[in-house]
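Novice: Structure incoming, see below.
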Amino acid sequence: MLGSLPGEASLAAGRYYAHPQNAFWRLMAEVVGEDLASLNYEDRLAALLRHRVGLWDVVGEATRPGSLDTAIRDAVHNDLAALVESLPDLRAVAFNGGRAAKAGARLLAGVAGRLTLVPLPSSSPALTTPFARKAEAWRVLREPLR
């Protein structure tokens, strides 16, 4: 699962998806069938790993006032192709939000033939799509995790 770049709340907390209104942990709970939101952060990460889900970012560093992806400037992208090459059993890469999907698909163009690329609606509260609609879209991740 690749996001674009952690927001201010996540950076301040030193953990992914720390903003209390970000639906990421609830959405992933829908995917893996395990209540992640009630777990402490380390147990959440361990649960994702048990379900063969890793977390990282498309953007390694950037300038961004605030937390909106539209404010990202001077982005330096992570080497996603090298990551994929180091994981021969990887079957799918999901993108949390449009910015991550657009940049990630471009960065993985050379290796994408062996992977399923899954663009997902952002878990951010900035995307006002109702949770039920986001969850429906995110459930497509169940298939590659089987």
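For the structure tokens, the naming scheme is as follows: chains receive sequential letters (A, B, ...) according to their order of presentation, residues are indexed from 1 within each chain, and ligands are indexed from 1 in presentation order.
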Considering only C-alpha atoms, return as a count of residues only whatever protein or nucleic-acid residues lie within 9 Å of segment 47-58 of chain A, sequence-local ones (same chain, fewer than 6 positions apart) excluded.

Specialist: 25

Novice: Got a sec: who's within 6 Å of segment 113-122 of chain A, counting only C-alpha atoms, leaving out chain neighbours fewer than 5 positions off, as a list in words?

Specialist: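 Near neighbours after the sequence-gap exclusion: Arg91, Ala92, Val93, Ala94, Phe95, Asn96, Gly97 and Ala101 of chain A.
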
Novice: From the DSSP assignment of the backbone, select every residue of segment 54-99 of chain A that is strand (DSSP E), and format the answer as a list in words.

Specialist: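 Answer for segment 54-99 of chain A restricted to strand (DSSP E) is Trp56, Asp57, Val59, Gly60, Glu61, Ala62, Thr63, Arg73, Asp74, Ala75, Val76, His77, Ala92, Val93, Ala94, Phe95 and Asn96 of chain A.
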
Novice: From the DSSP assignment of the backbone, select every residue of segment 7-143 of chain A that is alpha helix (DSSP H), and format the answer as number ranges by chain.

Specialist: A: 8-13, 24-32, 41-50, 80-85, 98-107, 131-138

Novice: Pick out the closest residue to Gly7 of chain A from this set: A:Leu83, A:Ala109, A:Val140, A:Ala62. Count only C-alpha atoms.

Specialist: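 Checking each of A:Leu83, A:Ala109, A:Val140, A:Ala62 against Gly7 of chain A, counting only C-alpha atoms, the winner is A:Ala62.
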
Novice: Rounded to one decimal place, report the atom CA of Ala18 of chain A-atom CA of Glu136 of chain A distance in Å.

Specialist: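 Taking atom CA of Ala18 of chain A as the start and atom CA of Glu136 of chain A as the end point, the length is 22.3 Å.
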
Novice: Atom CA of Trp25 of chain A and atom CA of Ala37 of chain A are how many Å apart?

Specialist: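 Computing the Euclidean distance for atom CA of Trp25 of chain A and atom CA of Ala37 of chain A yields 5.5 Å.
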
Novice: Which value, in Å to one decimal, gives the distance between atom CA of Ala13 of chain A and atom CA of Leu45 of chain A?

Specialist: 14.8 Å

Novice: Using only C-alpha atoms, which protein or nucleic acid residues come within 12 Å of Ala132 of chain A? Drop anything in the same chain fewer than 3 positions from it, and give the result as a PyMOL selection string.

Specialist: chain A and resi 23+26-27+30+121+123+128-129+135-139

Novice: Name the closest residue to Pro20 of chain A among the candidates A:Glu8, A:Pro144, A:Arg73, A:Ala82; distances are taken between atoms, counting only C-alpha atoms.

Specialist: A:Glu8
